[in-house]
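**Student:** For reference, this is target20.txt, and it has compact mmCIF, C-alpha atoms and all ligand atoms.
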```txt
# COMPACT_ATOMS: atom_id res chain seq x y z
CA MET A 1 0.76 6.70 -7.40
CA ILE A 2 0.33 2.98 -7.11
CA GLN A 3 -3.48 3.13 -6.89
CA ASP A 4 -3.84 5.28 -10.02
CA ILE A 5 -5.02 2.77 -12.64
CA ASN A 6 -7.26 5.03 -14.74
CA PRO A 7 -9.05 4.20 -17.06
CA HIS A 8 -9.50 0.95 -15.13
CA VAL A 9 -11.87 1.04 -12.18
CA PHE A 10 -11.20 -0.57 -8.80
CA LYS A 11 -14.14 -0.73 -6.38
CA ASN A 12 -13.60 -2.02 -2.88
CA SER A 13 -17.30 -1.84 -1.82
CA PHE A 14 -18.28 -5.12 -0.20
CA ILE A 15 -21.18 -6.94 -1.85
CA GLN A 16 -22.87 -10.25 -1.17
CA ALA A 17 -22.31 -12.02 -4.44
CA ASP A 18 -22.22 -15.60 -5.63
CA SER A 19 -19.20 -16.32 -7.73
CA CYS A 20 -19.70 -17.11 -11.44
CA ASP A 21 -17.53 -18.34 -14.30
CA GLU A 22 -16.69 -14.82 -15.45
CA ASP A 23 -15.22 -13.74 -12.08
CA PHE A 24 -11.52 -13.32 -11.37
CA VAL A 25 -9.98 -15.66 -8.81
CA PHE A 26 -6.98 -14.95 -6.60
CA GLN A 27 -5.23 -18.05 -5.32
CA PHE A 28 -2.03 -17.74 -3.31
CA ARG A 29 0.61 -20.34 -2.56
CA GLY A 30 2.59 -19.05 0.39
CA GLY A 31 2.70 -15.34 -0.45
CA ASP A 32 2.80 -15.96 -4.19
CA LEU A 33 -0.18 -15.35 -6.46
CA LEU A 34 -1.29 -17.48 -9.41
CA LEU A 35 -1.31 -15.38 -12.59
CA LYS A 36 -1.32 -16.06 -16.28
CA GLN A 37 1.71 -14.70 -18.13
CA GLN A 38 1.93 -13.67 -21.75
CA GLY A 39 5.30 -12.13 -22.51
CA GLU A 40 5.91 -9.33 -19.99
CA GLU A 41 2.21 -8.94 -19.15
CA TYR A 42 0.04 -10.74 -16.65
CA THR A 43 -3.69 -11.43 -16.35
CA ILE A 44 -5.77 -12.68 -13.45
CA PRO A 45 -7.30 -16.12 -14.11
CA PHE A 46 -11.07 -16.42 -14.55
CA ARG A 47 -13.00 -18.98 -12.53
CA LYS A 48 -13.97 -20.76 -15.76
CA GLU A 49 -10.31 -21.66 -16.33
CA ALA A 50 -10.44 -24.18 -13.48
CA VAL A 51 -10.29 -27.82 -14.52
CA GLN A 52 -11.93 -28.97 -11.28
CA LYS A 53 -14.86 -27.53 -9.37
CA CYS A 54 -13.62 -24.68 -7.23
CA GLU A 55 -15.08 -23.40 -3.94
CA GLN A 56 -17.11 -20.14 -3.81
CA GLY A 57 -14.30 -18.28 -2.06
CA ILE A 58 -14.37 -14.91 -0.31
CA PHE A 59 -15.51 -11.78 -2.13
CA LEU A 60 -12.63 -9.27 -2.29
CA PHE A 61 -13.53 -6.30 -4.56
CA SER A 62 -14.28 -5.65 -8.20
CA LEU A 63 -12.00 -4.64 -11.04
CA ASP A 64 -13.64 -3.13 -14.13
CA ASN A 65 -17.00 -4.51 -12.91
CA THR A 66 -15.65 -8.05 -12.66
CA ASN A 67 -16.00 -9.50 -9.16
CA CYS A 68 -12.82 -10.83 -7.58
CA PHE A 69 -12.75 -13.79 -5.16
CA LEU A 70 -10.07 -15.23 -2.89
CA VAL A 71 -9.99 -19.03 -3.16
CA GLN A 72 -7.81 -21.72 -1.61
CA ASP A 73 -7.92 -24.44 -4.22
CA PHE A 74 -7.90 -23.58 -7.87
CA VAL A 75 -6.65 -26.21 -10.31
CA VAL A 76 -5.65 -24.80 -13.68
CA PRO A 77 -4.72 -26.66 -16.87
CA ASP A 78 -1.18 -27.97 -17.12
CA ASP A 79 -0.05 -24.97 -19.08
CA SER A 80 3.26 -23.14 -18.82
CA GLY A 81 1.41 -19.80 -19.00
CA TYR A 82 0.30 -20.14 -15.35
CA VAL A 83 2.92 -18.85 -12.93
CA TYR A 84 3.17 -17.89 -9.26
CA ARG A 85 4.53 -14.41 -8.63
CA GLY A 86 5.68 -12.95 -5.28
CA VAL A 87 4.40 -9.80 -3.61
CA ASN A 88 7.71 -8.02 -4.19
CA LEU A 89 7.01 -8.08 -7.92
CA PHE A 90 3.49 -6.70 -7.61
CA ARG A 91 4.63 -3.07 -7.39
CA VAL A 92 6.18 -3.13 -10.84
CA LEU A 93 4.10 -5.86 -12.46
CA GLN A 94 2.34 -4.96 -15.72
CA PRO A 95 -0.35 -4.03 -16.46
CA ARG A 96 -0.88 -1.68 -13.51
CA GLU A 97 -4.48 -2.67 -12.77
CA VAL A 98 -3.41 -6.31 -12.30
CA ALA A 99 -0.56 -5.16 -10.04
CA TRP A 100 -2.91 -3.04 -7.94
CA ALA A 101 -5.60 -5.72 -7.57
CA SER A 102 -2.92 -8.30 -6.69
CA ILE A 103 -1.37 -6.16 -4.00
CA VAL A 104 -4.73 -5.41 -2.34
CA ALA A 105 -5.74 -9.08 -2.56
CA HIS A 106 -2.48 -9.94 -0.80
CA GLN A 107 -3.25 -7.49 2.00
CA LEU A 108 -6.68 -9.08 2.51
CA LEU A 109 -5.20 -12.60 2.35
CA ASN A 110 -2.82 -11.64 5.16
CA TRP A 111 -5.66 -10.23 7.21
CA TYR A 112 -7.82 -13.36 6.83
CA GLU A 113 -4.87 -15.64 7.63
CA LEU A 114 -3.84 -13.70 10.73
CA ASN A 115 -7.37 -13.66 12.11
CA ARG A 116 -8.53 -17.25 11.86
CA PHE A 117 -9.00 -17.27 15.64
CA CYS A 118 -10.57 -14.75 17.99
CA GLY A 119 -8.00 -12.56 19.78
CA LYS A 120 -10.27 -12.39 22.84
CA CYS A 121 -11.39 -15.97 23.44
CA GLY A 122 -9.49 -18.11 20.92
CA ALA A 123 -12.55 -19.55 19.15
CA GLY A 124 -12.60 -19.78 15.34
CA MET A 125 -13.67 -16.61 13.51
CA LYS A 126 -16.50 -16.65 10.96
CA LEU A 127 -16.99 -14.57 7.83
CA LYS A 128 -19.62 -11.88 8.22
CA GLN A 129 -22.04 -12.08 5.31
CA ASP A 130 -23.07 -8.44 4.99
CA GLU A 131 -19.73 -6.63 5.32
CA ARG A 132 -15.98 -7.17 5.10
CA ALA A 133 -15.57 -8.33 8.66
CA LEU A 134 -14.95 -11.41 10.81
CA TYR A 135 -16.88 -12.22 13.96
CA CYS A 136 -16.71 -14.63 16.85
CA GLU A 137 -19.90 -16.57 17.66
CA THR A 138 -18.62 -17.36 21.14
CA CYS A 139 -17.89 -13.88 22.50
CA GLY A 140 -19.32 -11.50 19.86
CA ASN A 141 -15.96 -9.97 18.92
CA THR A 142 -16.12 -8.40 15.42
CA ILE A 143 -13.02 -7.23 13.59
CA TYR A 144 -12.36 -5.26 10.41
CA PRO A 145 -9.23 -5.09 8.21
CA LYS A 146 -6.52 -3.13 9.99
CA ILE A 147 -5.04 -0.10 8.24
CA SER A 148 -2.12 1.76 9.80
CA PRO A 149 -1.95 5.52 9.14
CA ALA A 150 1.48 6.93 8.42
CA ILE A 151 2.48 10.50 7.62
CA ILE A 152 4.88 11.43 4.85
CA VAL A 153 6.07 15.02 4.69
CA ALA A 154 7.82 17.24 2.18
CA VAL A 155 9.71 19.74 4.36
CA VAL A 156 10.68 22.80 2.35
CA CYS A 157 12.66 25.98 2.98
CA LYS A 158 12.57 28.61 0.24
CA ASN A 159 13.88 26.74 -2.84
CA LYS A 160 15.16 23.66 -1.01
CA ILE A 161 13.61 20.38 0.11
CA LEU A 162 14.64 18.13 2.99
CA LEU A 163 15.38 14.58 1.89
CA ALA A 164 16.59 11.65 3.93
CA LYS A 165 18.08 8.25 3.21
CA GLY A 166 16.56 5.51 5.36
CA ILE A 167 18.86 2.80 6.65
CA ASN A 168 16.63 0.20 4.96
CA PHE A 169 16.27 1.95 1.59
CA ARG A 170 17.54 -0.27 -1.18
CA GLY A 171 19.48 1.32 -4.01
CA GLY A 172 20.68 4.32 -1.97
CA PHE A 173 17.81 6.64 -2.92
CA TYR A 174 16.61 9.59 -0.85
CA SER A 175 13.00 10.22 0.11
CA LEU A 176 10.73 12.24 2.37
CA VAL A 177 10.52 11.86 6.13
CA ALA A 178 7.78 9.37 7.02
CA GLY A 179 6.51 7.45 10.00
CA TYR A 180 3.49 5.88 11.64
CA ALA A 181 1.05 7.94 13.68
CA ASP A 182 1.21 6.79 17.27
CA VAL A 183 -1.61 5.95 19.65
CA GLY A 184 -3.49 9.07 20.73
CA GLU A 185 -1.75 11.30 18.19
CA SER A 186 -3.15 13.56 15.45
CA LEU A 187 -1.58 13.40 11.98
CA GLU A 188 -0.26 16.95 12.39
CA ALA A 189 1.39 16.03 15.70
CA ALA A 190 2.89 12.96 14.01
CA VAL A 191 4.42 15.22 11.32
CA VAL A 192 6.03 17.45 13.97
CA ARG A 193 7.29 14.49 16.02
CA GLU A 194 8.62 12.39 13.13
CA VAL A 195 10.57 15.27 11.55
CA LYS A 196 12.01 16.20 14.95
CA GLU A 197 12.94 12.61 15.82
CA GLU A 198 14.49 11.75 12.47
CA THR A 199 16.23 15.03 11.57
CA GLY A 200 16.14 17.29 14.65
CA LEU A 201 14.19 20.04 12.82
CA ASP A 202 11.14 22.02 13.94
CA VAL A 203 8.42 22.42 11.27
CA TRP A 204 5.36 24.65 10.88
CA ASN A 205 2.65 25.61 8.37
CA ILE A 206 1.64 21.96 7.85
CA ARG A 207 -0.71 21.45 4.88
CA TYR A 208 -2.43 18.29 3.65
CA TYR A 209 -1.50 17.06 0.17
CA LYS A 210 -3.02 13.65 -0.76
CA SER A 211 -3.16 10.12 0.57
CA SER A 212 -2.06 6.82 -0.91
CA PRO A 213 -2.82 3.29 0.30
CA TRP A 214 0.27 1.08 0.52
CA PRO A 215 -1.17 -2.43 0.82
CA VAL A 216 2.23 -4.15 1.01
CA SER A 217 2.41 -3.12 4.66
CA GLY A 218 -1.27 -2.35 5.30
CA THR A 219 -0.37 1.33 5.52
CA LEU A 220 -2.30 4.43 4.49
CA MET A 221 0.28 7.09 3.61
CA ILE A 222 -0.98 10.63 4.29
CA GLY A 223 1.08 13.28 2.54
CA PHE A 224 1.81 16.76 3.92
CA VAL A 225 3.92 19.78 3.05
CA ALA A 226 5.59 21.69 5.90
CA GLU A 227 8.12 24.46 6.28
CA ALA A 228 11.32 24.63 8.28
CA ASP A 229 14.28 26.98 8.70
CA ASP A 230 17.38 25.52 7.04
CA ARG A 231 19.62 27.30 9.57
CA GLN A 232 18.55 24.75 12.19
CA PRO A 233 21.13 21.99 12.68
CA ILE A 234 20.21 18.59 11.19
CA VAL A 235 20.60 15.84 13.75
CA ILE A 236 19.72 12.45 12.27
CA ASP A 237 18.39 9.47 14.16
CA PRO A 238 20.93 6.78 13.19
CA LYS A 239 18.45 4.00 14.01
CA GLU A 240 16.26 5.16 11.11
CA ILE A 241 18.26 7.51 8.86
CA SER A 242 21.77 7.20 7.38
CA ASP A 243 21.84 10.71 5.86
CA ALA A 244 19.62 13.79 5.52
CA GLY A 245 20.10 17.16 3.91
CA TRP A 246 18.67 20.09 1.96
CA PHE A 247 18.54 19.77 -1.82
CA SER A 248 17.74 22.32 -4.50
CA ARG A 249 15.82 21.55 -7.67
CA ASP A 250 18.94 21.14 -9.80
CA ASN A 251 20.88 18.81 -7.51
CA LEU A 252 18.29 16.25 -6.43
CA PRO A 253 19.59 12.78 -5.56
CA THR A 254 17.91 9.60 -6.83
CA TYR A 255 14.35 9.45 -5.47
CA PRO A 256 11.43 6.99 -5.73
CA PRO A 257 9.45 6.79 -8.99
CA ALA A 258 6.65 9.37 -9.14
CA ASP A 259 4.15 7.00 -10.75
CA ILE A 260 4.27 4.54 -7.86
CA SER A 261 4.86 6.36 -4.58
CA ILE A 262 3.39 9.51 -3.04
CA ALA A 263 6.93 10.51 -1.98
CA GLY A 264 8.13 10.33 -5.58
CA GLU A 265 5.15 12.35 -6.76
CA MET A 266 5.77 15.12 -4.18
CA ILE A 267 9.51 15.31 -4.93
CA GLU A 268 8.68 15.47 -8.64
CA LEU A 269 6.29 18.39 -7.96
CA PHE A 270 9.10 20.15 -6.07
CA ARG A 271 11.43 19.58 -9.04
CA MET A 272 8.85 21.22 -11.31
CA GLY A 273 8.48 24.18 -8.92
CA LYS A 274 4.86 23.31 -8.09
CA LEU A 275 5.09 22.12 -4.51
CA SER A 276 5.14 25.60 -2.94
CA GLU A 277 1.83 26.39 -4.68
CA LEU A 278 0.03 23.79 -2.56
ZN ZN A 301 -14.25 -14.68 20.78
```
Could you render the structure as structure tokens?
**Tutor:**
Amino acid sequence: MIQDINPHVFKNSFIQADSCDEDFVFQFRGGDLLLKQQGEEYTIPFRKEAVQKCEQGIFLFSLDNTNCFLVQDFVVPDDSGYVYRGVNLFRVLQPREVAWASIVAHQLLNWYELNRFCGKCGAGMKLKQDERALYCETCGNTIYPKISPAIIVAVVCKNKILLAKGINFRGGFYSLVAGYADVGESLEAAVVREVKEETGLDVWNIRYYKSSPWPVSGTLMIGFVAEADDRQPIVIDPKEISDAGWFSRDNLPTYPPADISIAGEMIELFRMGKLSEL
């Protein structure tokens, strides 16, 4: 999955740290991130690469024990190796640890930008020094990065899996049923509701699989396996799904890559006959 960058180590623990020359800096222009390119590979610039004094910035996380900071102004040498790359590229950018750090930095950038002012009283928000949070001196409002939980479910029946094609899926691939948990709803209830709404099927025997953060949309994907009876009629929700059906191991349609998405990993497990063991 996208967060699997072993042997590299990503730590999101918040620390109070002063930035030094050996730290990585993340500087965005619009939604594009400044990176250094060598051939097909990218690196994150170090603070010491700046040609002008650069502000302290906001601590983000650490990558392989190097602290990472978000800065606004970062002037690099006039060198063709420095490029701005958009968030859409981050998923497939190489190496993977740079892609992962970039995508999480982009999520935090969005959060800081969307919360410059207090949602309660409109005053300017301040950085909290001891945790990853913003607070309002005027009314005391404190906010933390927002993460939206979404279920993703591999519905199986004997030797078949239910796959659906979303109306917004590019490239015509099929994937698992997924959707956001609603207010006041457990994840299990979200599984039952989403499968019913999108395909008309009733499911049972819901088991947890794994979770995967998806920083592009600030989502935490929570994977489940569930069972259904394939004699039930499939009734798709045309607002969300253009097609859905049961597939056996030897006639699977194109599905997402297993090394990036939790859906791809679960479909790959089904293909190998290992999903029913979970
Ligand atoms: Zn306020």
**Student:** What would the list of residues within 7 Å of (-7.9, -14.9, -9.1) (file frame) look like as a VMD selection string, if all atoms listed in the file are what count?
**Tutor:** chain A and resid 24 to 27 44 to 46 68 to 70
**Student:** How about saving the chosen residues, C-alpha atoms kept, as a PDB file, keeping the file's coordinate frame?
**Tutor:**
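Here's the written file out-v7.pdb:
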```
ATOM      1  CA  PHE A  24     -11.520 -13.320 -11.370  1.00  0.00           C
ATOM      2  CA  VAL A  25      -9.980 -15.660  -8.810  1.00  0.00           C
ATOM      3  CA  PHE A  26      -6.980 -14.950  -6.600  1.00  0.00           C
ATOM      4  CA  GLN A  27      -5.230 -18.050  -5.320  1.00  0.00           C
ATOM      5  CA  ILE A  44      -5.770 -12.680 -13.450  1.00  0.00           C
ATOM      6  CA  PRO A  45      -7.300 -16.120 -14.110  1.00  0.00           C
ATOM      7  CA  PHE A  46     -11.070 -16.420 -14.550  1.00  0.00           C
ATOM      8  CA  CYS A  68     -12.820 -10.830  -7.580  1.00  0.00           C
ATOM      9  CA  PHE A  69     -12.750 -13.790  -5.160  1.00  0.00           C
ATOM     10  CA  LEU A  70     -10.070 -15.230  -2.890  1.00  0.00           C
TER      11      LEU A  70
END
```
**Student:** Using all atoms listed in the file, pick whichever of A:Tyr112, A:Tyr144, A:Phe28, A:Tyr174 has the shortest atom-to-atom distance to Thr254 (chain A).
**Tutor:**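 Checking each of A:Tyr112, A:Tyr144, A:Phe28, A:Tyr174 against Thr254 (chain A), counting all atoms listed in the file, the winner is A:Tyr174.
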**Student:** Pick out the residues no farther than 7 Å from ligand ZN 301 (chain A), counting all atoms listed in the file, and list them as a short mmCIF file (atom, residue, chain, number, x, y, z; two decimals) with C-alpha atoms, in the coordinates of the input.
**Tutor:**
```cif
data_model
loop_
_atom_site.label_atom_id
_atom_site.label_comp_id
_atom_site.auth_asym_id
_atom_site.auth_seq_id
_atom_site.Cartn_x
_atom_site.Cartn_y
_atom_site.Cartn_z
CA CYS A 118 -10.57 -14.75 17.99
CA GLY A 119 -8.00 -12.56 19.78
CA LYS A 120 -10.27 -12.39 22.84
CA CYS A 121 -11.39 -15.97 23.44
CA GLY A 122 -9.49 -18.11 20.92
CA ALA A 123 -12.55 -19.55 19.15
CA CYS A 136 -16.71 -14.63 16.85
CA GLU A 137 -19.90 -16.57 17.66
CA THR A 138 -18.62 -17.36 21.14
CA CYS A 139 -17.89 -13.88 22.50
CA GLY A 140 -19.32 -11.50 19.86
CA ASN A 141 -15.96 -9.97 18.92
#
```
**Student:** Measuring atom to atom with all atoms listed in the file, identify which of A:Glu197, A:Glu131, A:Glu240, A:Asp259 is nearest to Ile15 (chain A).
**Tutor:** A:Glu131
**Student:** Compare A:Leu220, A:Asn168, A:Leu275, A:Gln16 by their minimum atom-to-atom distance to Lys128 (chain A), counting all atoms listed in the file, and give me the closest one.
**Tutor:** A:Gln16
**Student:** Nearest to Ala99 (chain A): which of A:Pro215, A:Gly39, A:Gly223, A:Gly245 is it, counting only C-alpha atoms?
**Tutor:**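 So, comparing all the options, the nearest one is A:Pro215.
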**Student:** Each side padded by 6 Å, which centre and which edge lengths in Å (one decimal) define the axis-aligned box around the listed atoms of region 103-117 of chain A? Give them as AutoDock Vina command-line options.
**Tutor:**
```
--center_x -5.2 --center_y -11.3 --center_z 5.8 --size_x 19.6 --size_y 23.9 --size_z 31.6
```
**Student:** In terms of the shortest atom-to-atom distance over only C-alpha atoms, which of A:Leu127, A:Ile2, A:Cys157, A:Leu269 is closest to Ala226 (chain A)?
**Tutor:** A:Cys157
**Student:** I'd like to know which of A:His106, A:Lys36, A:Arg116, A:Lys48 is closest to Glu22 (chain A), using all atoms listed in the file.
**Tutor:**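 Using all atoms listed in the file, the shortest distance to Glu22 (chain A) belongs to A:Lys48.
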**Student:** Excluding same-chain residues fewer than 6 positions from Arg207 (chain A), what lies within 10 Å of it counting all atoms listed in the file, as number ranges by chain?
**Tutor:** A: 153-154, 188, 223-227, 278
**Student:** One decimal, in Å: what's the spacing between CA of Arg96 (chain A) and CA of Tyr209 (chain A)?
**Tutor:**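 Taking CA of Arg96 (chain A) and CA of Tyr209 (chain A), their separation equals 23.2 Å.
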**Student:** Using all atoms listed in the file and a cutoff of 12 Å, can you tell me which residues are near (2.8, -22.9, -22.7) in the file's coordinates, and write them out as JSON, numbers by chain?
**Tutor:** {"A": [36, 37, 38, 39, 77, 78, 79, 80, 81, 82, 83]}
**Student:** Separation of CA of Ser242 (chain A) and CA of Ala263 (chain A), in Å?
**Tutor:**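 These two atoms are separated by 17.9 Å.
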**Student:** Could you jot down the CA of Lys239 (chain A) to CA of Ser212 (chain A) separation for me, Å, one decimal place?
**Tutor:** 25.5 Å
**Student:** Excluding same-chain residues fewer than 3 positions from Val216 (chain A), what lies within 10 Å of it counting all atoms listed in the file, as a list in words?
**Tutor:**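 Within the cut-off, the hits are Val87, Asn88, Phe90, Arg91, Ile103, Val104, His106, Gln107, Asn110, Pro213 and Thr219 of chain A.
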**Student:** Need the shell around Pro95 (chain A): protein/DNA/RNA residues with any atom at most 9 Å away, counting all atoms listed in the file. Skip same-chain ones fewer than 2 positions apart. Format as a compact mmCIF listing (two decimals) with C-alpha atoms, keeping the file's coordinate frame?
**Tutor:**
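See part_35.txt below for the written result:
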```txt
# COMPACT_ATOMS: atom_id res chain seq x y z
CA GLU A 40 5.91 -9.33 -19.99
CA GLU A 41 2.21 -8.94 -19.15
CA TYR A 42 0.04 -10.74 -16.65
CA THR A 43 -3.69 -11.43 -16.35
CA VAL A 92 6.18 -3.13 -10.84
CA LEU A 93 4.10 -5.86 -12.46
CA GLU A 97 -4.48 -2.67 -12.77
CA VAL A 98 -3.41 -6.31 -12.30
CA ALA A 99 -0.56 -5.16 -10.04
CA TRP A 100 -2.91 -3.04 -7.94
```
**Student:** Residues at most 6 Å from Tyr135 (chain A), counting all atoms listed in the file, excluding those fewer than 2 positions away in the same chain, as a ChimeraX atom specification?
**Tutor:** /A:125-126,141-142
**Student:** Which polymer residues have any atom within 12 Å of an atom of Glu198 (chain A), counting all atoms listed in the file, with same-chain residues fewer than 6 positions away left out, as a PyMOL selection string?
**Tutor:** chain A and resi 153+162-167+176-179+190-192+234-245
**Student:** Please complete region 42-53 of chain A so it has N, CA and C atoms, and hand it over as a PDB file, in the coordinates of the input.
**Tutor:**
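The result, written out as selection_2.pdb:
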```pdb
ATOM      1  N   TYR A  42       0.725  -9.730 -17.444  1.00  0.00           N
ATOM      2  CA  TYR A  42       0.040 -10.740 -16.650  1.00  0.00           C
ATOM      3  C   TYR A  42      -1.465 -10.487 -16.668  1.00  0.00           C
ATOM      4  N   THR A  43      -2.250 -11.566 -16.548  1.00  0.00           N
ATOM      5  CA  THR A  43      -3.690 -11.430 -16.350  1.00  0.00           C
ATOM      6  C   THR A  43      -4.072 -12.270 -15.138  1.00  0.00           C
ATOM      7  N   ILE A  44      -5.249 -11.927 -14.584  1.00  0.00           N
ATOM      8  CA  ILE A  44      -5.770 -12.680 -13.450  1.00  0.00           C
ATOM      9  C   ILE A  44      -6.642 -13.800 -14.028  1.00  0.00           C
ATOM     10  N   PRO A  45      -6.486 -15.023 -13.563  1.00  0.00           N
ATOM     11  CA  PRO A  45      -7.300 -16.120 -14.110  1.00  0.00           C
ATOM     12  C   PRO A  45      -8.794 -15.922 -13.823  1.00  0.00           C
ATOM     13  N   PHE A  46      -9.623 -16.373 -14.767  1.00  0.00           N
ATOM     14  CA  PHE A  46     -11.070 -16.420 -14.550  1.00  0.00           C
ATOM     15  C   PHE A  46     -11.431 -17.759 -13.888  1.00  0.00           C
ATOM     16  N   ARG A  47     -12.540 -17.752 -13.172  1.00  0.00           N
ATOM     17  CA  ARG A  47     -13.000 -18.980 -12.530  1.00  0.00           C
ATOM     18  C   ARG A  47     -13.199 -20.103 -13.559  1.00  0.00           C
ATOM     19  N   LYS A  48     -13.674 -19.732 -14.756  1.00  0.00           N
ATOM     20  CA  LYS A  48     -13.970 -20.760 -15.760  1.00  0.00           C
ATOM     21  C   LYS A  48     -12.729 -21.492 -16.254  1.00  0.00           C
ATOM     22  N   GLU A  49     -11.536 -20.980 -15.902  1.00  0.00           N
ATOM     23  CA  GLU A  49     -10.310 -21.660 -16.330  1.00  0.00           C
ATOM     24  C   GLU A  49      -9.990 -22.882 -15.482  1.00  0.00           C
ATOM     25  N   ALA A  50     -10.712 -23.050 -14.371  1.00  0.00           N
ATOM     26  CA  ALA A  50     -10.440 -24.180 -13.480  1.00  0.00           C
ATOM     27  C   ALA A  50     -10.798 -25.492 -14.183  1.00  0.00           C
ATOM     28  N   VAL A  51      -9.989 -26.516 -13.935  1.00  0.00           N
ATOM     29  CA  VAL A  51     -10.290 -27.820 -14.520  1.00  0.00           C
ATOM     30  C   VAL A  51     -11.021 -28.725 -13.525  1.00  0.00           C
ATOM     31  N   GLN A  52     -11.137 -28.247 -12.276  1.00  0.00           N
ATOM     32  CA  GLN A  52     -11.930 -28.970 -11.280  1.00  0.00           C
ATOM     33  C   GLN A  52     -12.827 -27.969 -10.598  1.00  0.00           C
ATOM     34  N   LYS A  53     -13.926 -28.436 -10.041  1.00  0.00           N
ATOM     35  CA  LYS A  53     -14.860 -27.530  -9.370  1.00  0.00           C
ATOM     36  C   LYS A  53     -14.115 -26.805  -8.244  1.00  0.00           C
TER      37      LYS A  53
END
```
